[in-house]
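Undergrad: Pasting coords26.cif here (mmCIF, C-alpha atoms and all ligand atoms):
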```cif
data_model
loop_
_atom_site.label_atom_id
_atom_site.label_comp_id
_atom_site.auth_asym_id
_atom_site.auth_seq_id
_atom_site.Cartn_x
_atom_site.Cartn_y
_atom_site.Cartn_z
CA MET U 1 39.70 5.31 -79.79
CA GLU U 2 37.30 4.01 -82.44
CA ARG U 3 37.47 0.61 -80.74
CA HIS U 4 36.60 2.21 -77.43
CA VAL U 5 33.64 4.05 -78.92
CA LYS U 6 32.35 0.79 -80.40
CA TRP U 7 32.71 -0.88 -77.00
CA PHE U 8 29.61 1.01 -75.86
CA ARG U 9 27.44 -0.78 -78.44
CA ASP U 10 27.23 -3.78 -76.14
CA GLN U 11 26.85 -1.89 -72.88
CA VAL U 12 23.76 -1.51 -70.77
CA VAL U 13 24.58 1.26 -68.32
CA PHE U 14 22.99 1.93 -64.94
CA LEU U 15 23.62 5.58 -64.07
CA THR U 16 23.05 7.10 -60.63
CA GLY U 17 23.23 10.87 -60.23
CA GLY U 18 22.12 11.27 -63.85
CA THR U 19 20.09 14.38 -63.00
CA GLY U 20 23.12 16.10 -61.45
CA ASN U 21 25.72 18.36 -62.98
CA LEU U 22 28.15 15.63 -64.06
CA GLY U 23 25.40 13.03 -64.56
CA VAL U 24 23.55 15.09 -67.18
CA CYS U 25 26.76 15.45 -69.18
CA LEU U 26 27.41 11.70 -68.90
CA LEU U 27 23.85 10.97 -69.98
CA TYR U 28 24.19 13.29 -72.98
CA LYS U 29 27.41 11.63 -74.11
CA LEU U 30 26.11 8.10 -73.53
CA THR U 31 22.90 8.69 -75.49
CA LEU U 32 23.82 11.15 -78.22
CA GLN U 33 27.55 10.72 -78.77
CA LEU U 34 28.10 7.05 -78.05
CA PRO U 35 26.31 3.98 -79.40
CA THR U 36 25.35 2.79 -75.88
CA LYS U 37 22.79 0.02 -76.09
CA LYS U 38 20.67 1.22 -73.19
CA ILE U 39 20.85 3.51 -70.18
CA PHE U 40 18.88 2.98 -66.97
CA LEU U 41 18.72 6.24 -65.08
CA LEU U 42 18.03 6.24 -61.34
CA CYS U 43 15.86 9.19 -60.36
CA ARG U 44 14.63 10.36 -57.00
CA GLY U 45 11.00 11.22 -56.33
CA SER U 46 9.37 10.74 -59.70
CA VAL U 47 10.18 10.37 -63.38
CA GLN U 48 8.52 13.74 -64.02
CA ARG U 49 10.93 15.42 -61.57
CA ALA U 50 13.87 13.90 -63.42
CA LEU U 51 12.46 14.99 -66.79
CA ASP U 52 12.02 18.54 -65.49
CA LYS U 53 15.61 18.62 -64.24
CA LEU U 54 16.99 17.27 -67.50
CA GLU U 55 14.97 19.73 -69.56
CA ALA U 56 16.12 22.63 -67.40
CA ALA U 57 19.75 21.50 -67.70
CA MET U 58 19.82 20.92 -71.46
CA ALA U 59 16.66 22.34 -73.02
CA GLU U 60 17.91 22.05 -76.61
CA GLN U 61 19.28 18.53 -76.30
CA PHE U 62 16.47 17.15 -74.13
CA ASP U 63 14.15 15.95 -76.94
CA ASP U 64 16.99 14.21 -78.76
CA VAL U 65 17.97 12.37 -75.58
CA LEU U 66 14.39 11.13 -75.11
CA ASP U 67 13.93 10.41 -78.83
CA SER U 68 16.94 8.09 -78.72
CA HIS U 69 14.55 5.65 -76.95
CA ARG U 70 17.56 4.25 -75.14
CA VAL U 71 16.96 5.84 -71.75
CA GLN U 72 14.75 4.09 -69.21
CA PHE U 73 13.94 5.96 -66.02
CA MET U 74 13.69 4.12 -62.71
CA VAL U 75 12.51 5.78 -59.53
CA GLY U 76 14.72 5.02 -56.56
CA ASP U 77 16.97 6.40 -53.88
CA THR U 78 20.50 5.28 -53.02
CA SER U 79 19.85 5.83 -49.31
CA LYS U 80 17.11 3.16 -49.25
CA PRO U 81 17.47 -0.61 -49.05
CA GLY U 82 17.57 -2.13 -52.54
CA LEU U 83 17.93 1.46 -53.83
CA GLY U 84 14.22 1.84 -53.12
CA LEU U 85 13.52 0.27 -56.53
CA LYS U 86 10.39 -1.63 -57.51
CA PRO U 87 11.21 -5.37 -57.39
CA SER U 88 10.58 -5.67 -61.15
CA ASP U 89 12.99 -2.78 -61.85
CA LEU U 90 15.66 -4.31 -59.64
CA ARG U 91 15.26 -7.65 -61.41
CA GLN U 92 15.68 -5.97 -64.79
CA LEU U 93 18.87 -4.26 -63.65
CA GLN U 94 20.21 -7.52 -62.22
CA GLU U 95 19.62 -9.29 -65.51
CA GLU U 96 20.68 -6.65 -68.04
CA VAL U 97 23.23 -4.18 -66.68
CA THR U 98 26.86 -4.52 -67.78
CA VAL U 99 28.25 -1.20 -66.50
CA VAL U 100 27.38 0.88 -63.44
CA ILE U 101 28.32 4.55 -63.15
CA ASN U 102 27.78 5.89 -59.66
CA ALA U 103 27.67 9.70 -59.83
CA ALA U 104 25.11 10.25 -57.05
CA ALA U 105 26.30 12.19 -54.01
CA ASP U 106 25.44 15.03 -51.69
CA ILE U 107 28.12 17.54 -52.60
CA SER U 108 27.19 20.11 -49.95
CA LEU U 109 30.33 21.29 -48.18
CA GLN U 110 28.24 22.59 -45.30
CA GLN U 111 26.71 19.23 -44.42
CA PRO U 112 27.92 18.02 -40.99
CA LEU U 113 29.74 14.67 -40.82
CA HIS U 114 26.87 12.68 -39.34
CA LEU U 115 24.60 13.72 -42.24
CA SER U 116 27.19 13.51 -45.02
CA ILE U 117 28.30 9.98 -44.17
CA GLN U 118 25.04 8.39 -45.41
CA PRO U 119 24.93 9.76 -48.99
CA ASN U 120 28.69 9.97 -49.46
CA CYS U 121 29.84 6.67 -48.02
CA ILE U 122 27.21 4.27 -46.70
CA ALA U 123 24.99 4.56 -49.79
CA HIS U 124 27.93 3.64 -52.05
CA LEU U 125 28.78 0.59 -49.97
CA GLN U 126 25.16 -0.53 -50.04
CA LEU U 127 25.12 -0.11 -53.81
CA LEU U 128 28.23 -2.24 -54.10
CA THR U 129 26.61 -5.00 -52.05
CA LEU U 130 23.59 -4.88 -54.35
CA LEU U 131 25.81 -5.11 -57.45
CA ARG U 132 27.10 -8.49 -56.31
CA GLY U 133 23.71 -9.80 -57.42
CA PHE U 134 23.97 -8.32 -60.95
CA SER U 135 24.60 -11.26 -63.26
CA ARG U 136 26.12 -9.44 -66.30
CA ILE U 137 28.03 -6.57 -64.72
CA LYS U 138 31.59 -6.11 -65.99
CA SER U 139 32.58 -2.69 -64.65
CA PHE U 140 31.74 -0.37 -61.78
CA LEU U 141 32.79 3.27 -61.96
CA HIS U 142 32.55 5.25 -58.75
CA VAL U 143 32.91 9.02 -58.98
CA SER U 144 34.96 10.33 -56.10
CA SER U 145 36.79 13.65 -55.63
CA THR U 146 40.37 14.92 -55.37
CA SER U 147 39.26 16.44 -52.05
CA VAL U 148 39.71 12.95 -50.54
CA ASN U 149 43.35 13.94 -50.20
CA SER U 150 42.79 17.43 -48.84
CA PHE U 151 44.32 16.31 -45.52
CA LEU U 152 47.73 15.99 -47.22
CA PRO U 153 50.43 18.68 -47.13
CA ASP U 154 51.27 20.65 -50.28
CA GLY U 155 53.09 18.66 -52.94
CA ILE U 156 52.51 15.93 -55.48
CA ILE U 157 49.32 13.88 -55.16
CA GLU U 158 49.49 10.65 -57.12
CA GLU U 159 46.64 8.46 -58.33
CA GLN U 160 46.73 6.28 -55.25
CA ILE U 161 45.34 5.87 -51.75
CA TYR U 162 47.11 7.76 -48.97
CA PRO U 163 46.70 6.73 -45.31
CA LEU U 164 44.86 9.15 -43.05
CA SER U 165 47.82 9.36 -40.67
CA ASP U 166 51.15 7.68 -39.93
CA ASP U 167 49.48 4.92 -37.93
CA ASN U 168 47.27 4.14 -40.97
CA PRO U 169 43.94 3.71 -39.18
CA ASP U 170 41.56 1.05 -40.41
CA PRO U 171 38.85 2.84 -42.48
CA GLU U 172 36.23 0.47 -41.07
CA LYS U 173 37.07 1.59 -37.55
CA VAL U 174 36.97 5.26 -38.56
CA LEU U 175 33.57 4.68 -40.17
CA SER U 176 32.12 2.81 -37.22
CA GLN U 177 33.23 5.59 -34.89
CA ILE U 178 31.45 8.13 -37.08
CA LEU U 179 28.33 5.99 -37.10
CA SER U 180 28.31 5.61 -33.33
CA THR U 181 29.35 9.15 -32.31
CA GLY U 182 28.67 11.28 -35.39
CA GLN U 183 32.24 12.55 -35.13
CA SER U 184 35.81 11.82 -36.16
CA ALA U 185 39.18 13.11 -35.07
CA TYR U 186 40.08 13.43 -38.78
CA THR U 187 37.28 15.77 -39.88
CA ASP U 188 39.15 19.03 -39.43
CA ASN U 189 42.07 17.79 -41.51
CA PHE U 190 39.83 17.89 -44.60
CA ILE U 191 38.33 20.83 -46.47
CA ALA U 192 34.86 19.63 -45.42
CA PRO U 193 33.22 16.54 -43.80
CA TYR U 194 32.12 15.54 -47.34
CA ALA U 195 35.77 14.93 -48.27
CA LEU U 196 36.40 12.59 -45.31
CA CYS U 197 33.25 10.63 -46.23
CA LYS U 198 34.42 10.28 -49.81
CA HIS U 199 37.89 9.26 -48.63
CA LEU U 200 36.41 6.45 -46.54
CA ALA U 201 34.11 5.37 -49.40
CA GLU U 202 37.10 4.99 -51.74
CA ARG U 203 39.04 2.93 -49.26
CA LEU U 204 36.13 0.69 -48.35
CA ILE U 205 35.25 0.12 -52.00
CA LEU U 206 38.81 -0.78 -53.00
CA LYS U 207 39.18 -3.00 -49.94
CA GLN U 208 36.63 -5.39 -51.46
CA ALA U 209 39.16 -7.38 -53.46
CA ASP U 210 36.74 -10.21 -54.26
CA LEU U 211 34.34 -8.17 -56.41
CA PRO U 212 33.41 -10.11 -59.57
CA PHE U 213 33.79 -7.00 -61.79
CA LYS U 214 36.31 -4.27 -62.53
CA THR U 215 36.28 -1.35 -60.13
CA LEU U 216 37.35 2.10 -61.25
CA ILE U 217 37.40 5.26 -59.17
CA VAL U 218 37.58 8.63 -60.93
CA ARG U 219 38.49 11.64 -58.80
CA PRO U 220 37.54 14.95 -60.40
CA SER U 221 38.95 18.13 -58.93
CA LEU U 222 36.50 21.02 -58.71
CA ILE U 223 34.14 20.82 -61.65
CA GLY U 224 33.65 23.83 -63.94
CA PRO U 225 31.40 24.68 -66.89
CA ALA U 226 31.52 22.56 -70.03
CA ILE U 227 33.69 23.70 -72.89
CA ARG U 228 31.63 21.75 -75.45
CA ASP U 229 29.15 19.13 -74.25
CA PRO U 230 26.21 19.23 -74.01
CA TYR U 231 26.91 22.89 -74.94
CA PRO U 232 29.52 25.51 -74.00
CA PHE U 233 29.05 26.92 -70.48
CA TYR U 234 26.67 24.11 -69.49
CA GLY U 235 26.55 23.60 -65.72
CA ASN U 236 24.62 24.79 -62.70
CA ASP U 237 26.09 27.00 -60.01
CA GLU U 238 25.50 24.52 -57.19
CA GLY U 239 27.54 21.91 -59.04
CA MET U 240 30.44 24.29 -59.69
CA PRO U 241 31.87 25.10 -56.26
CA LEU U 242 34.68 27.36 -57.39
CA GLN U 243 32.35 29.46 -59.47
CA SER U 244 29.91 29.78 -56.57
CA ALA U 245 32.73 30.46 -54.11
CA LEU U 246 34.45 33.19 -56.12
CA TYR U 247 31.14 34.70 -57.06
CA ASN U 248 29.84 34.79 -53.48
CA LEU U 249 33.14 36.12 -52.19
CA ALA U 250 33.53 38.73 -54.91
CA THR U 251 30.03 40.07 -54.39
CA ASP U 252 30.37 40.39 -50.64
CA PRO U 253 31.70 43.72 -49.39
CA ASP U 254 33.29 42.09 -46.34
CA TYR U 255 35.25 39.49 -48.33
CA GLY U 256 35.18 40.30 -52.01
CA LEU U 257 37.03 42.40 -54.53
CA ASP U 258 39.12 44.45 -52.10
CA GLU U 259 39.60 41.64 -49.59
CA LEU U 260 39.70 38.56 -51.80
CA GLY U 261 43.48 38.47 -52.02
CA LYS U 262 43.98 38.66 -48.27
CA GLY U 263 43.97 35.32 -46.49
CA ILE U 264 43.66 33.23 -49.66
CA ASN U 265 46.68 31.85 -51.45
CA LEU U 266 46.33 33.53 -54.82
CA ASP U 267 49.41 31.67 -56.12
CA ALA U 268 47.70 28.32 -55.60
CA VAL U 269 46.71 26.28 -58.62
CA PHE U 270 43.15 26.98 -59.72
CA ASP U 271 42.34 23.30 -59.85
CA GLU U 272 39.19 23.09 -61.85
CA ILE U 273 38.25 20.93 -64.81
CA PRO U 274 35.34 21.39 -67.24
CA VAL U 275 32.54 18.93 -66.60
CA ASP U 276 32.65 17.48 -70.11
CA LEU U 277 36.35 16.67 -69.76
CA VAL U 278 35.52 14.79 -66.55
CA ALA U 279 32.79 12.87 -68.38
CA SER U 280 35.13 12.01 -71.25
CA THR U 281 37.80 10.84 -68.81
CA CYS U 282 35.29 8.58 -67.06
CA LEU U 283 33.97 7.07 -70.27
CA ALA U 284 37.38 6.65 -71.93
CA HIS U 285 38.76 4.76 -68.93
CA LEU U 286 35.65 2.60 -68.67
CA ALA U 287 35.99 1.56 -72.30
CA ALA U 288 39.71 0.94 -71.85
CA GLY U 289 39.00 -1.40 -68.94
CA SER U 290 40.97 0.72 -66.46
CA VAL U 291 40.80 -0.21 -62.78
CA GLY U 292 41.95 1.52 -59.60
CA ILE U 293 42.24 5.29 -59.25
CA VAL U 294 42.20 7.88 -62.02
CA GLN U 295 42.43 11.61 -61.29
CA ALA U 296 40.71 14.21 -63.47
CA ALA U 297 42.14 17.53 -62.37
CA GLY U 298 43.08 20.91 -63.80
CA SER U 299 46.29 19.64 -65.40
CA LEU U 300 44.13 17.89 -68.01
CA TYR U 301 42.80 21.32 -69.00
CA VAL U 302 44.89 24.45 -68.35
CA ALA U 303 47.07 25.50 -65.47
CA ALA U 304 46.13 28.86 -63.94
CA THR U 305 46.50 30.37 -60.51
CA THR U 306 43.65 31.53 -58.33
CA GLY U 307 45.00 35.08 -58.60
CA GLU U 308 44.89 34.97 -62.42
CA ILE U 309 41.34 33.69 -62.43
CA THR U 310 40.21 36.24 -59.87
CA THR U 311 41.70 39.04 -61.95
CA THR U 312 39.88 37.80 -65.06
CA MET U 313 36.68 37.64 -63.05
CA ILE U 314 37.01 41.18 -61.74
CA GLN U 315 37.82 42.43 -65.27
CA GLY U 316 34.50 40.96 -66.39
CA VAL U 317 32.62 43.15 -63.94
CA ALA U 318 31.75 46.74 -64.83
CA PRO U 319 33.22 49.49 -62.60
CA THR U 320 29.68 50.46 -61.55
CA GLY U 321 29.17 46.86 -60.39
CA ILE U 322 32.34 47.02 -58.32
CA GLU U 323 31.12 50.20 -56.67
CA LYS U 324 27.78 48.56 -55.90
CA VAL U 325 29.57 45.65 -54.24
CA ARG U 326 31.69 48.03 -52.17
CA ARG U 327 28.56 49.80 -51.02
CA GLY U 328 27.00 46.44 -50.09
CA GLU U 329 24.16 46.82 -52.61
CA ILE U 330 24.72 43.44 -54.23
CA ARG U 331 25.19 41.27 -51.18
CA GLN U 332 23.91 37.74 -51.84
CA ARG U 333 20.70 36.82 -50.07
CA GLN U 334 22.03 33.59 -48.55
CA ASN U 335 25.27 35.16 -47.33
CA LEU U 336 27.43 32.11 -47.99
CA ALA U 337 30.59 34.20 -48.21
CA PRO U 338 31.95 33.34 -44.71
CA MET U 339 31.58 29.60 -45.39
CA PHE U 340 33.15 29.85 -48.85
CA PHE U 341 35.98 31.96 -47.44
CA GLN U 342 36.86 29.24 -44.93
CA VAL U 343 36.69 26.51 -47.59
CA ALA U 344 38.72 28.57 -50.07
CA ARG U 345 41.42 29.16 -47.46
CA LYS U 346 41.69 25.43 -46.92
CA TYR U 347 41.43 24.52 -50.58
CA MET U 348 43.73 27.04 -52.25
CA ARG U 349 46.90 25.08 -51.75
CA ASN U 350 49.94 24.07 -53.71
CA TRP U 351 48.93 20.53 -54.52
CA ASP U 352 50.19 19.08 -57.77
CA ILE U 353 47.40 16.63 -58.55
CA ARG U 354 48.85 14.21 -61.07
CA CYS U 355 46.71 12.85 -63.88
CA ASP U 356 49.33 10.68 -65.55
CA ARG U 357 46.88 7.93 -66.44
CA SER U 358 44.89 10.28 -68.66
CA GLU U 359 47.63 12.46 -70.20
CA HIS U 360 47.48 10.41 -73.42
CA LEU U 361 43.81 11.36 -73.87
CA LYS U 362 44.86 14.96 -74.55
CA GLU U 363 46.14 13.79 -77.94
CA HIS U 364 42.69 12.61 -78.96
CA THR U 365 39.79 14.58 -80.37
CA GLY U 366 36.31 13.11 -80.44
CA VAL U 367 33.87 11.98 -77.79
CA LEU U 368 36.41 10.16 -75.60
CA GLY U 369 39.33 12.54 -76.12
CA LEU U 370 40.56 15.48 -74.07
CA SER U 371 42.03 17.52 -76.92
CA LEU U 372 41.33 21.25 -76.62
CA ASP U 373 41.52 21.59 -80.37
CA GLY U 374 39.81 24.86 -81.38
CA HIS U 375 39.09 25.91 -77.79
CA ASP U 376 40.52 29.18 -76.44
CA PRO U 377 40.69 28.85 -72.61
CA LYS U 378 41.38 32.56 -72.00
CA ALA U 379 38.48 33.79 -74.11
CA PHE U 380 36.29 31.10 -72.58
CA MET U 381 37.16 32.17 -69.02
CA LYS U 382 36.49 35.84 -69.81
CA HIS U 383 33.15 35.01 -71.40
CA ARG U 384 32.33 32.79 -68.42
CA TRP U 385 32.71 35.55 -65.86
CA GLN U 386 30.78 37.94 -68.07
CA ASN U 387 27.92 35.40 -68.09
CA VAL U 388 28.10 35.04 -64.32
CA SER U 389 28.10 38.75 -63.66
CA LYS U 390 25.24 39.29 -66.13
CA SER U 391 23.10 37.00 -64.00
CA VAL U 392 23.04 39.73 -61.35
CA SER U 393 21.63 42.84 -62.96
CA GLY U 394 23.91 45.83 -62.96
CA LEU U 395 27.14 43.87 -62.42
CA SER U 396 27.77 43.15 -66.06
CA SER U 397 30.56 44.73 -68.05
CA THR U 398 29.71 45.85 -71.58
N1 LIG C 401 30.73 19.36 -58.37
C1 LIG C 401 32.03 19.24 -58.18
O1 LIG C 401 32.78 20.22 -58.24
C2 LIG C 401 32.63 17.90 -57.89
C3 LIG C 401 34.02 17.83 -57.69
C4 LIG C 401 34.61 16.60 -57.46
C5 LIG C 401 33.83 15.46 -57.42
N2 LIG C 401 32.49 15.56 -57.60
C6 LIG C 401 31.71 14.31 -57.55
O2 LIG C 401 31.06 14.16 -58.80
C7 LIG C 401 29.85 13.41 -58.59
C8 LIG C 401 28.70 14.18 -59.24
O3 LIG C 401 28.58 15.43 -58.58
P1 LIG C 401 27.73 16.61 -59.20
O4 LIG C 401 28.55 17.82 -59.19
O5 LIG C 401 27.10 16.17 -60.46
O6 LIG C 401 26.62 16.76 -58.06
P2 LIG C 401 25.12 17.26 -58.17
O7 LIG C 401 24.93 18.16 -59.32
O8 LIG C 401 24.76 17.76 -56.82
O9 LIG C 401 24.29 15.93 -58.48
C9 LIG C 401 24.12 14.95 -57.50
C10 LIG C 401 23.28 13.84 -58.09
O10 LIG C 401 23.15 12.82 -57.12
C11 LIG C 401 21.77 12.50 -56.99
N3 LIG C 401 21.49 12.03 -55.66
C12 LIG C 401 21.83 12.61 -54.49
N4 LIG C 401 21.37 11.87 -53.46
C13 LIG C 401 20.74 10.80 -54.00
C14 LIG C 401 20.05 9.71 -53.47
N5 LIG C 401 19.92 9.53 -52.15
N6 LIG C 401 19.52 8.80 -54.32
C15 LIG C 401 19.63 8.96 -55.65
N7 LIG C 401 20.26 9.99 -56.22
C16 LIG C 401 20.80 10.90 -55.40
C17 LIG C 401 21.06 13.80 -57.29
O11 LIG C 401 19.72 13.52 -57.60
P3 LIG C 401 18.55 14.63 -57.47
O12 LIG C 401 18.40 15.19 -58.85
O13 LIG C 401 17.38 13.84 -57.04
O14 LIG C 401 18.99 15.64 -56.47
C18 LIG C 401 21.87 14.27 -58.48
O15 LIG C 401 21.47 13.57 -59.63
C19 LIG C 401 29.72 13.22 -57.09
O16 LIG C 401 30.23 11.96 -56.75
C20 LIG C 401 30.61 14.31 -56.52
O17 LIG C 401 31.09 13.96 -55.25
C21 LIG C 401 31.86 16.74 -57.84
#
```
Represent the structure from my file as structure tokens, please.

TA:
Amino acid sequence: MERHVKWFRDQVVFLTGGTGNLGVCLLYKLTLQLPTKKIFLLCRGSVQRALDKLEAAMAEQFDDVLDSHRVQFMVGDTSKPGLGLKPSDLRQLQEEVTVVINAAADISLQQPLHLSIQPNCIAHLQLLTLLRGFSRIKSFLHVSSTSVNSFLPDGIIEEQIYPLSDDNPDPEKVLSQILSTGQSAYTDNFIAPYALCKHLAERLILKQADLPFKTLIVRPSLIGPAIRDPYPFYGNDEGMPLQSALYNLATDPDYGLDELGKGINLDAVFDEIPVDLVASTCLAHLAAGSVGIVQAAGSLYVAATTGEITTTMIQGVAPTGIEKVRRGEIRQRQNLAPMFFQVARKYMRNWDIRCDRSEHLKEHTGVLGLSLDGHDPKAFMKHRWQNVSKSVSGLSST
């Protein structure tokens, strides 16, 4: 592992999505835990917007990240030609970057197919085309999602590509149909249009066999709060779908608490992985020179069922809070419960998402390891739900 940590000394990283839930954690590890030579961070809108997001996400670590003087912000947008970068910025990336980590995406599960295809597929392919002009690049890491296989029946899911159907349709044809009609016959087989877009992106990236650099795809399952880095419980609700889903369902009198168990498979694996374990998996495999597909799912953390997690969550809520929910006094303003209920029904399945390529990392402590040394998952989960319920006054248990 020491060798892999040292590997970062020579790396100039270009990070997209560095203001997002996973990206902030990656940025923290690259700047403050690893000896990375330099990090170029793509940010939308303005540098000030990115600074505000980073400060909000990790207030206590923010100054140290900036004081490292190794982060250079570049304004751009993956949906624009040339990433919308200034020509001088693009030239600098082309001349200096050795590693690209692509963590930008639109993770909204509500986004219809015709809108999700741009940020979750086309933008990645355009980035890849641009990277062909980077003179020093050695590795490209694309962050995907285990939901790319949500069209599969229950059972084992290996770290490989699965065809969309028995006739193995050409992903290029599926994409061009989406682009011309805004629709696909495969959409409903997935938990959300987002997952089909990410499936196509994976296939179209890996199809490019002539790329002059290593290509690695990491598929996280649902991402949960950090156990350690940048600090315990780091993570925003929007970036933690299971937390938002259970929370919205549990606080809705029509779906939650009394109804939660009905219609959702509570025996299904609660397939969530802390965001910092995802970041460590990404960085460890990059340093090891891994290529192809790596999964980062719940089996790298702890196995629990949805029923167990729901019970822990409800135990974290005071009885008065439960009564308030039943009376409809705590209904969420946005009323996302019906959408989350549909997604949860599709997602709570008996998939066994294998992470064989990363099992060995569980033996390692340190910045690139996945050891849980000193971490108590049960206490953490209880504390987590207490934090969540405290965020809505009156729900908290004492
Ligand atoms: N969250 C999960 O549970 C989960 C599970 C599996 C896989 N993943 C994957 O993990 C990766 C990171 O997700 P996340 O949870 O960190 O998402 P997130 O918190 O929503 O962050 C998304 C990031 O992408 C950036 N971005 C979006 N559109 C962009 C554009 N057009 N140009 C430049 N940047 C853009 C956002 O920038 P702004 O700050 O400007 O918005 C933000 O930095 C994604 O590939 C996602 O599919 C996530």

Undergrad: Once you count all atoms listed in the file, what closest atom pair and distance in Å to one decimal does each residue of chain U within 6 Å of ligand LIG 401 (chain C) have, with rows by chain and rising residue number, as JSON lines?

TA:
```
{"residue": "U:Thr16", "atom": "CA", "partner": "C:LIG401", "partner_atom": "N7", "distance": 6.0}
{"residue": "U:Gly17", "atom": "CA", "partner": "C:LIG401", "partner_atom": "O15", "distance": 3.3}
{"residue": "U:Gly18", "atom": "CA", "partner": "C:LIG401", "partner_atom": "O15", "distance": 4.8}
{"residue": "U:Thr19", "atom": "CA", "partner": "C:LIG401", "partner_atom": "O15", "distance": 3.7}
{"residue": "U:Gly20", "atom": "CA", "partner": "C:LIG401", "partner_atom": "O9", "distance": 3.2}
{"residue": "U:Asn21", "atom": "CA", "partner": "C:LIG401", "partner_atom": "O5", "distance": 3.6}
{"residue": "U:Leu22", "atom": "CA", "partner": "C:LIG401", "partner_atom": "O5", "distance": 3.8}
{"residue": "U:Gly23", "atom": "CA", "partner": "C:LIG401", "partner_atom": "O5", "distance": 5.4}
{"residue": "U:Cys43", "atom": "CA", "partner": "C:LIG401", "partner_atom": "O13", "distance": 5.9}
{"residue": "U:Arg44", "atom": "CA", "partner": "C:LIG401", "partner_atom": "O13", "distance": 4.4}
{"residue": "U:Asp77", "atom": "CA", "partner": "C:LIG401", "partner_atom": "N6", "distance": 3.5}
{"residue": "U:Thr78", "atom": "CA", "partner": "C:LIG401", "partner_atom": "N6", "distance": 3.9}
{"residue": "U:Ser79", "atom": "CA", "partner": "C:LIG401", "partner_atom": "N5", "distance": 4.7}
{"residue": "U:Ala103", "atom": "CA", "partner": "C:LIG401", "partner_atom": "C7", "distance": 4.5}
{"residue": "U:Ala104", "atom": "CA", "partner": "C:LIG401", "partner_atom": "O10", "distance": 3.2}
{"residue": "U:Ala105", "atom": "CA", "partner": "C:LIG401", "partner_atom": "O10", "distance": 4.5}
{"residue": "U:Asp106", "atom": "CA", "partner": "C:LIG401", "partner_atom": "C12", "distance": 5.2}
{"residue": "U:Ile107", "atom": "CA", "partner": "C:LIG401", "partner_atom": "O17", "distance": 5.4}
{"residue": "U:Pro119", "atom": "CA", "partner": "C:LIG401", "partner_atom": "N5", "distance": 5.9}
{"residue": "U:Val143", "atom": "CA", "partner": "C:LIG401", "partner_atom": "O16", "distance": 4.6}
{"residue": "U:Ser144", "atom": "CA", "partner": "C:LIG401", "partner_atom": "O16", "distance": 5.0}
{"residue": "U:Ser145", "atom": "CA", "partner": "C:LIG401", "partner_atom": "C5", "distance": 3.9}
{"residue": "U:Pro220", "atom": "CA", "partner": "C:LIG401", "partner_atom": "C4", "distance": 4.5}
{"residue": "U:Ser221", "atom": "CA", "partner": "C:LIG401", "partner_atom": "C4", "distance": 4.8}
{"residue": "U:Leu222", "atom": "CA", "partner": "C:LIG401", "partner_atom": "O1", "distance": 3.8}
{"residue": "U:Ile223", "atom": "CA", "partner": "C:LIG401", "partner_atom": "O1", "distance": 3.7}
{"residue": "U:Gly239", "atom": "CA", "partner": "C:LIG401", "partner_atom": "N1", "distance": 4.1}
{"residue": "U:Met240", "atom": "CA", "partner": "C:LIG401", "partner_atom": "O1", "distance": 4.9}
{"residue": "U:Pro241", "atom": "CA", "partner": "C:LIG401", "partner_atom": "O1", "distance": 5.3}
```

Undergrad: Would you list the contacts of region 82-86 of chain U as a count of residues only, taking every protein, DNA or RNA residue within 8 Å and counting all atoms listed in the file, but skipping same-chain residues closer than 6 positions in sequence?

TA: 5

Undergrad: Please, what distance in Å, to one decimal, runs between CA of Asn102 (chain U) and CA of Pro81 (chain U)?

TA: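 Here the two named atoms are 16.2 Å from each other.
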
Undergrad: May I ask for the distance between CA of Glu95 (chain U) and CA of Ser135 (chain U), given in Å to one decimal place?

TA: 5.8 Å

Undergrad: So how far away is CA of Ala226 (chain U) from CA of Lys138 (chain U), in Å?

TA: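 Taking CA of Lys138 (chain U) as the start and CA of Ala226 (chain U) as the end point, the length is 29.0 Å.
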
Undergrad: Using all atoms listed in the file, tabulate the residues of region 65-167 of chain U lying at most 9 Å from any atom of region 270-286 of chain U, each with its closest atom pair and that distance in Å to one decimal, by chain and increasing residue number, as CSV.

TA:
```
residue,atom,partner,partner_atom,distance
U:Val99,CA,U:Leu286,CA,8.6
U:Ile101,CA,U:Cys282,CA,9.0
U:Ser139,CA,U:Leu286,CA,7.3
U:Phe140,CA,U:Leu286,CA,8.5
U:Leu141,CA,U:Leu286,CA,7.3
U:Val143,CA,U:Cys282,CA,8.4
```

Undergrad: Pick out the closest residue to Gly182 (chain U) from this set: U:Pro338, U:Pro212, U:Gly235, U:Pro112. Count all atoms listed in the file.

TA: U:Pro112

Undergrad: Out of U:Leu26, U:Asn387, U:Phe134, U:Leu370, which residue has the shortest atom-to-atom distance to Arg91 (chain U) when counting only C-alpha atoms?

TA: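 Using only C-alpha atoms, Arg91 (chain U) sits closest to U:Phe134.
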
Undergrad: My list of candidates is U:Lys378, U:Arg136, U:Phe62, U:Ser108. Which is closest to Ala195 (chain U) when distances are computed with only C-alpha atoms?

TA: U:Ser108

Undergrad: Using all atoms listed in the file, which residue out of U:Thr215, U:Ser68, U:Gln118, U:Ser290 lies closest to Ile137 (chain U)?

TA: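 The answer is U:Thr215, which sits nearest to Ile137 (chain U).
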
Undergrad: Quick one: residues within 8 Å of Ile178 (chain U), only C-alpha atoms counted, chain neighbours fewer than 5 positions away excluded, as a VMD selection string?

TA: chain U and resid 113 to 114 117 183 to 184

Undergrad: With distances taken over only C-alpha atoms, which of U:Leu66, U:Ile157, U:Val12, U:Leu128 is nearest to Arg354 (chain U)?

TA: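 Checking each of U:Leu66, U:Ile157, U:Val12, U:Leu128 against Arg354 (chain U), counting only C-alpha atoms, the winner is U:Ile157.
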